[in-house]
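**Q** After the structure tokens below, expect a handful of questions from me.
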Amino acid sequence: MASYLQIHDDEKGYDLDLFCVPRHYEKDLDKVIIPNGLIMDRTERLARDIIGDMGSHHIVALCVLKGGYKFFADLLDYIKALNQNSDKSVPLTVDFIRVKSYCNDKSTNDVKVIGGDELSNLSGKNVLIVEDIVETGRTMQTLLSLLSKCNPKMVKVVSLLVKRTPRSSGYRPDYIGFEVPDAFLVGYALDYNEYFRDLSVRIAILTRRRRTK
């Protein structure tokens, strides 16, 4: 079972006044629950674990857009640092896919995969899927089912966040950064209707949902 850092339901978090929060978001947020430094430390450890498990193979890192791009970039920076500073290194290439399962703040049963016609290029490859958050797990299960038809050699999934929710299908990624409460989270490229992606250095709980596209 994947190890992770658990953020408890009663986590007090950190007051917004302790951080440089954009003024236009101050009234929308409740508190910061994962500061940037903690994200970076956990991401570095995930990179080490991934290289330890997959480091003897060429890895195709598949970023799930849009929310995963920040975590993806930081994770790959740590993997590249390990490649440069250790005796064990692995060739690394990248690809991107977009998966949509949300309407406003609600997860839907309608999972849309954009770019799936290009996944045939992953046949025989060792694939690392990089995701920002797993909630019910159904979106990832749909993507994994699609990928399996392309006959990759190996597929591993790393998610920065996994949400504790009664709606979960029971799916768990191979690598997990944090297990988090069943709240709507924004920041570090996680969004609400495309807002809050520029809240890039921390993860906060969204309390007011007045922002719509």
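Quick note on naming: the chains in the structure tokens go A, B, ... in the order shown, residues restart at 1 in each chain, and ligands are numbered from 1 in order of appearance.
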From a backbone DSSP assignment, name each residue in chain A labelled helix (DSSP H, G or I), as an MDAnalysis selection string.

**A** chainID A and resid 16:18 23:25 36:54 69:84 116:122 138:148

**Q** Contacts between range 65-82 of chain A and range 118-175 of chain A, please, where a residue of range 118-175 of chain A counts if it comes within 7 Å (with only C-alpha atoms); show its shortest atom pair and distance in Å to one decimal, rows by chain and ascending number, as JSON lines.

**A**
{"residue": "A:Val130", "atom": "CA", "partner": "A:Phe72", "partner_atom": "CA", "distance": 6.1}
{"residue": "A:Glu131", "atom": "CA", "partner": "A:Gly68", "partner_atom": "CA", "distance": 5.1}
{"residue": "A:Asp132", "atom": "CA", "partner": "A:Gly68", "partner_atom": "CA", "distance": 4.4}

**Q** Per DSSP on the backbone, filter range 161-192 of chain A down to the residues in strand (DSSP E or B) and report them as a count of residues only.

**A** 14

**Q** Name the residues in contact with Arg172 in chain A at a cut-off of 9 Å, using only C-alpha atoms, excluding same-chain residues fewer than 4 positions from it; report them as a list in words.

**A**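 That gives Met1, Ala2, Val134, Gly137, Val157, Val162 and Ile176 of chain A.
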
**Q** Can I get the selection written as a PDB file, in the first residue's frame, with all heavy atoms?

**A**
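Saved the output as part24.pdb:
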ATOM      1  N   MET A   1       0.846  -1.198   0.000  1.00  0.00           N
ATOM      2  CA  MET A   1       0.000   0.000   0.000  1.00  0.00           C
ATOM      3  C   MET A   1       0.887   1.256   0.000  1.00  0.00           C
ATOM      4  O   MET A   1       1.900   1.304   0.685  1.00  0.00           O
ATOM      5  CB  MET A   1      -0.910   0.000   1.230  1.00  0.00           C
ATOM      6  CG  MET A   1      -1.827   1.213   1.306  1.00  0.00           C
ATOM      7  SD  MET A   1      -2.930   1.197   2.743  1.00  0.00           S
ATOM      8  CE  MET A   1      -3.988  -0.193   2.295  1.00  0.00           C
ATOM      9  N   ALA A   2       0.470   2.236  -0.774  1.00  0.00           N
ATOM     10  CA  ALA A   2       1.248   3.468  -0.877  1.00  0.00           C
ATOM     11  C   ALA A   2       1.271   4.212   0.451  1.00  0.00           C
ATOM     12  O   ALA A   2       0.273   4.291   1.165  1.00  0.00           O
ATOM     13  CB  ALA A   2       0.653   4.360  -1.965  1.00  0.00           C
ATOM     14  N   VAL A 134      -7.073  12.672  -6.781  1.00  0.00           N
ATOM     15  CA  VAL A 134      -7.998  11.563  -7.009  1.00  0.00           C
ATOM     16  C   VAL A 134      -9.106  11.689  -5.978  1.00  0.00           C
ATOM     17  O   VAL A 134      -8.837  11.724  -4.771  1.00  0.00           O
ATOM     18  CB  VAL A 134      -7.293  10.203  -6.882  1.00  0.00           C
ATOM     19  CG1 VAL A 134      -8.318   9.074  -6.877  1.00  0.00           C
ATOM     20  CG2 VAL A 134      -6.304  10.011  -8.026  1.00  0.00           C
ATOM     21  N   GLY A 137     -12.063   8.304  -7.817  1.00  0.00           N
ATOM     22  CA  GLY A 137     -11.228   7.307  -8.469  1.00  0.00           C
ATOM     23  C   GLY A 137     -11.770   6.837  -9.801  1.00  0.00           C
ATOM     24  O   GLY A 137     -11.066   6.166 -10.570  1.00  0.00           O
ATOM     25  N   VAL A 157       0.676   5.114 -11.274  1.00  0.00           N
ATOM     26  CA  VAL A 157      -0.024   6.384 -11.100  1.00  0.00           C
ATOM     27  C   VAL A 157       0.493   7.068  -9.842  1.00  0.00           C
ATOM     28  O   VAL A 157       0.566   6.446  -8.773  1.00  0.00           O
ATOM     29  CB  VAL A 157      -1.544   6.185 -10.986  1.00  0.00           C
ATOM     30  CG1 VAL A 157      -2.249   7.529 -10.758  1.00  0.00           C
ATOM     31  CG2 VAL A 157      -2.089   5.497 -12.223  1.00  0.00           C
ATOM     32  N   VAL A 162      -5.107  12.574  -2.533  1.00  0.00           N
ATOM     33  CA  VAL A 162      -6.218  11.627  -2.588  1.00  0.00           C
ATOM     34  C   VAL A 162      -7.225  12.064  -1.539  1.00  0.00           C
ATOM     35  O   VAL A 162      -6.868  12.285  -0.377  1.00  0.00           O
ATOM     36  CB  VAL A 162      -5.762  10.181  -2.330  1.00  0.00           C
ATOM     37  CG1 VAL A 162      -6.971   9.269  -2.153  1.00  0.00           C
ATOM     38  CG2 VAL A 162      -4.896   9.675  -3.472  1.00  0.00           C
ATOM     39  N   ILE A 176       1.202   8.334  -3.467  1.00  0.00           N
ATOM     40  CA  ILE A 176       0.296   9.361  -2.961  1.00  0.00           C
ATOM     41  C   ILE A 176       1.097  10.379  -2.163  1.00  0.00           C
ATOM     42  O   ILE A 176       1.900  10.003  -1.297  1.00  0.00           O
ATOM     43  CB  ILE A 176      -0.798   8.748  -2.061  1.00  0.00           C
ATOM     44  CG1 ILE A 176      -1.635   7.722  -2.843  1.00  0.00           C
ATOM     45  CG2 ILE A 176      -1.690   9.839  -1.470  1.00  0.00           C
ATOM     46  CD1 ILE A 176      -2.549   6.897  -1.952  1.00  0.00           C
TER      47      ILE A 176
END

**Q** Given only C-alpha atoms as the basis, pick out the residue of A:Ile203, A:Leu144, A:Met40, A:Leu5 nearest to Tyr171 in chain A.

**A**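 Selected residue with least distance to Tyr171 in chain A: A:Leu144.
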
**Q** What does the distance from CA of Met154 in chain A to CA of Glu179 in chain A come to in Å, to one decimal?

**A**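 Those two atoms sit 24.6 Å apart.
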
**Q** Which polymer residues have any atom within 10 Å of an atom of Phe196 in chain A, counting only C-alpha atoms, with same-chain residues fewer than 6 positions away left out, as a list of chain:residue names?

**A** A:Pro22, A:His24, A:Tyr25, A:Asp28, A:Leu185, A:Val186, A:Gly187, A:Tyr188, A:Ala189, A:Leu190, A:Ile203, A:Ala204, A:Leu206, A:Arg211

**Q** Keeping N, CA and C atoms, export the residues of the selection given above as a PDB file, in the first residue's frame.

**A**
ATOM      1  N   PRO A  22      -3.203  36.420  -3.090  1.00  0.00           N
ATOM      2  CA  PRO A  22      -3.694  37.490  -3.952  1.00  0.00           C
ATOM      3  C   PRO A  22      -4.960  38.131  -3.380  1.00  0.00           C
ATOM      4  N   HIS A  24      -7.487  39.438  -4.619  1.00  0.00           N
ATOM      5  CA  HIS A  24      -8.768  39.114  -5.231  1.00  0.00           C
ATOM      6  C   HIS A  24      -9.302  37.742  -4.804  1.00  0.00           C
ATOM      7  N   TYR A  25      -8.505  36.972  -4.033  1.00  0.00           N
ATOM      8  CA  TYR A  25      -8.960  35.675  -3.545  1.00  0.00           C
ATOM      9  C   TYR A  25      -9.185  35.647  -2.032  1.00  0.00           C
ATOM     10  N   ASP A  28     -12.483  34.425  -0.675  1.00  0.00           N
ATOM     11  CA  ASP A  28     -12.950  33.134  -1.170  1.00  0.00           C
ATOM     12  C   ASP A  28     -12.370  31.948  -0.412  1.00  0.00           C
ATOM     13  N   LEU A 185     -10.652  21.838  -2.678  1.00  0.00           N
ATOM     14  CA  LEU A 185      -9.321  22.401  -2.519  1.00  0.00           C
ATOM     15  C   LEU A 185      -8.886  23.135  -3.771  1.00  0.00           C
ATOM     16  N   VAL A 186      -8.185  24.243  -3.581  1.00  0.00           N
ATOM     17  CA  VAL A 186      -7.687  25.032  -4.699  1.00  0.00           C
ATOM     18  C   VAL A 186      -6.249  25.447  -4.423  1.00  0.00           C
ATOM     19  N   GLY A 187      -5.591  25.926  -5.472  1.00  0.00           N
ATOM     20  CA  GLY A 187      -4.203  26.351  -5.365  1.00  0.00           C
ATOM     21  C   GLY A 187      -3.265  25.303  -5.908  1.00  0.00           C
ATOM     22  N   TYR A 188      -2.012  25.711  -6.182  1.00  0.00           N
ATOM     23  CA  TYR A 188      -1.010  24.803  -6.744  1.00  0.00           C
ATOM     24  C   TYR A 188      -1.550  24.153  -8.023  1.00  0.00           C
ATOM     25  N   ALA A 189      -2.237  24.965  -8.817  1.00  0.00           N
ATOM     26  CA  ALA A 189      -2.840  24.617 -10.117  1.00  0.00           C
ATOM     27  C   ALA A 189      -4.180  23.907 -10.012  1.00  0.00           C
ATOM     28  N   LEU A 190      -4.659  23.594  -8.807  1.00  0.00           N
ATOM     29  CA  LEU A 190      -6.021  23.090  -8.661  1.00  0.00           C
ATOM     30  C   LEU A 190      -6.972  24.276  -8.774  1.00  0.00           C
ATOM     31  N   ILE A 203      -1.877  24.966  -1.032  1.00  0.00           N
ATOM     32  CA  ILE A 203      -3.204  24.398  -1.229  1.00  0.00           C
ATOM     33  C   ILE A 203      -4.106  24.889  -0.110  1.00  0.00           C
ATOM     34  N   ALA A 204      -5.252  25.456  -0.475  1.00  0.00           N
ATOM     35  CA  ALA A 204      -6.166  26.048   0.490  1.00  0.00           C
ATOM     36  C   ALA A 204      -7.558  25.468   0.316  1.00  0.00           C
ATOM     37  N   LEU A 206     -11.404  26.070  -0.222  1.00  0.00           N
ATOM     38  CA  LEU A 206     -12.320  27.066  -0.785  1.00  0.00           C
ATOM     39  C   LEU A 206     -13.626  27.015   0.000  1.00  0.00           C
ATOM     40  N   ARG A 211     -17.315  32.545  -7.531  1.00  0.00           N
ATOM     41  CA  ARG A 211     -16.645  32.746  -8.797  1.00  0.00           C
ATOM     42  C   ARG A 211     -17.113  31.698  -9.811  1.00  0.00           C
TER      43      ARG A 211
END

**Q** Show me a table, sorted first by chain and then by increasing residue number, of the residues of range 122-193 of chain A having an atom at most 12 Å from range 56-63 of chain A, each with its shortest atom pair and the distance in Å to one decimal, counting only C-alpha atoms and written as a tab-separated table.

**A**
residue	atom	partner	partner_atom	distance
A:Leu122	CA	A:Val60	CA	7.9
A:Ser123	CA	A:Val60	CA	10.8
A:Gly124	CA	A:His58	CA	10.7
A:Lys125	CA	A:Val60	CA	6.9
A:Asn126	CA	A:Ile59	CA	5.2
A:Val127	CA	A:Val60	CA	4.8
A:Leu128	CA	A:Ala61	CA	4.7
A:Ile129	CA	A:Leu62	CA	4.7
A:Val130	CA	A:Cys63	CA	5.0
A:Glu131	CA	A:Cys63	CA	6.7
A:Asp132	CA	A:Cys63	CA	9.2
A:Leu143	CA	A:Leu62	CA	11.3
A:Leu144	CA	A:Leu62	CA	11.9
A:Leu147	CA	A:Leu62	CA	11.1
A:Pro152	CA	A:Val60	CA	10.2
A:Lys153	CA	A:His57	CA	10.2
A:Met154	CA	A:Ile59	CA	9.3
A:Val155	CA	A:Val60	CA	9.5
A:Lys156	CA	A:Ala61	CA	9.6
A:Val157	CA	A:Leu62	CA	9.4
A:Val158	CA	A:Cys63	CA	10.1
A:Ser159	CA	A:Cys63	CA	10.5

**Q** Let me make sure I understand: among A:Asp10, A:Ala183, A:Asp53, A:Glu26, which one has the smallest atom-to-atom distance to Lys88 in chain A if we use only C-alpha atoms?

**A**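 Once distances to Lys88 in chain A are computed over only C-alpha atoms, the minimum belongs to A:Asp53.
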
**Q** Rounded to one decimal, what separation in Å do you get between CA of Asn83 in chain A and CA of Ile51 in chain A?

**A**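 These atoms are spaced 8.8 Å apart.
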
**Q** What's the separation between CA of Glu11 in chain A and CA of Arg197 in chain A, in Å to one decimal place?

**A**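 About the pair CA of Glu11 in chain A and CA of Arg197 in chain A: they are 22.9 Å apart.
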
**Q** Counting only C-alpha atoms, figure out which residue out of A:Phe178, A:Glu135, A:Gly37, A:Asp87 gets nearest to Pro166 in chain A.

**A** A:Glu135

**Q** For Thr142 in chain A, which of A:Asn36, A:Thr93, A:Ser169, A:Ser3 is the closest residue, counting only C-alpha atoms?

**A**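 Counting only C-alpha atoms, the residue closest to Thr142 in chain A is A:Ser169.
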